[in-house]
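What follows is a set of notes on a single structure, which appears directly below.
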Amino acid sequence: MNKPEIIQLPKIFDDRGNLSFIEEHVQVPFKINRTYWIYDVPGGERRGGHGYRQLQEFIVALSGSFDVVLHDGQSEHRFHLNRSYYGLYVPAMMWREIENFSTNSLALILADGRYDANDYIRDFEQFKQEKNAG
Ligand code: TYD
């Protein structure tokens with residue numbers, strides 16, 4: 001997979017409360033090596049503003065809502081996440097920002113690699129150069 005894609009997760013309806021799940025290589029097309037989450041985001045703040053050379057991610061709005069804005073070097077697409085049973089697959093080499101966090105929103109992010117500062121591209125012009133070169 002090399003395109004961003006919204007993936008619907010299983011939802012087990014239950015009067016006691018609903019349940020969803022993610023299994024590696026099933027709902028997400030990679031091995032899950034790291035999980036992190038973004039929370040307590042003050043109103044109006046944005047996260048991200050970088051690309052990854054190798055890393056793939058899967059982003060779920062476990063609570064609340066936010067927008068993931070992806071730029072592929074040519075054009076930008078905005079994905080609004082507001083349900084805990086949908087996730088956004090983000091391939092490597094996408095510029096990504098997360099914004100418009102609702103109050104008390106919780107972003108869960110699954111990644112296929114350990115944290116590696118050298119994998120980050122933090123300058124948009126540099127990103128476009130690397131993306132369009134390869
Ligand atoms: P960063 O990825 O830049 O945050 P965001 O893109 O959401 O704005 O990470 C912020 C800081 O947290 C940075 O100093 C690195 C650290 N960090 C880790 O140590 N491990 C991790 O898994 C992540 C995602 C970040």
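Chain labels A, B, ... are given in the sequence in which chains occur in the structure tokens; within each chain residues are numbered consecutively from 1, and ligands are likewise numbered from 1 in the order shown.
Pocket residues of ligand 1, taken as those with any atom at most 9 Å away using only C-alpha atoms and all ligand atoms, are Arg34, Thr35, Tyr36, Trp37, Ile38, Arg46, Arg47, Gly48, Gly49, His50, Gly51, Arg96, Glu97, Ile98, Ile109, Ala111, Arg114, Tyr115, Asp116, Ala117, Tyr120 and Arg122 of chain A.
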At most 7 Å is the cut-off: for each residue in range 86-131 of chain A with any atom that close to an atom of range 1-22 of chain A, write down the nearest atom pair and the distance in Å rounded to one decimal, counting only C-alpha atoms, chain first then increasing number, as JSON lines.
{"residue": "A:Tyr86", "atom": "CA", "partner": "A:Gln8", "partner_atom": "CA", "distance": 4.6}
{"residue": "A:Gly87", "atom": "CA", "partner": "A:Ile7", "partner_atom": "CA", "distance": 5.3}
{"residue": "A:Leu88", "atom": "CA", "partner": "A:Ile6", "partner_atom": "CA", "distance": 4.5}
{"residue": "A:Tyr89", "atom": "CA", "partner": "A:Glu5", "partner_atom": "CA", "distance": 5.2}
{"residue": "A:Val90", "atom": "CA", "partner": "A:Pro4", "partner_atom": "CA", "distance": 4.9}
{"residue": "A:Pro91", "atom": "CA", "partner": "A:Asn2", "partner_atom": "CA", "distance": 5.5}
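For Lys31 in chain A, the list of residues within 9 Å, based on only C-alpha atoms and with local chain neighbours fewer than 6 positions off taken out, reads Glu23, Glu24, His25, Ala111, Asp112 and Gly113 of chain A.
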Inset, instruction - Run DSSP on the backbone and grab whatever in range 36-93 of chain A lands in strand (DSSP E or B); send it over as a count of residues only. - result: 33
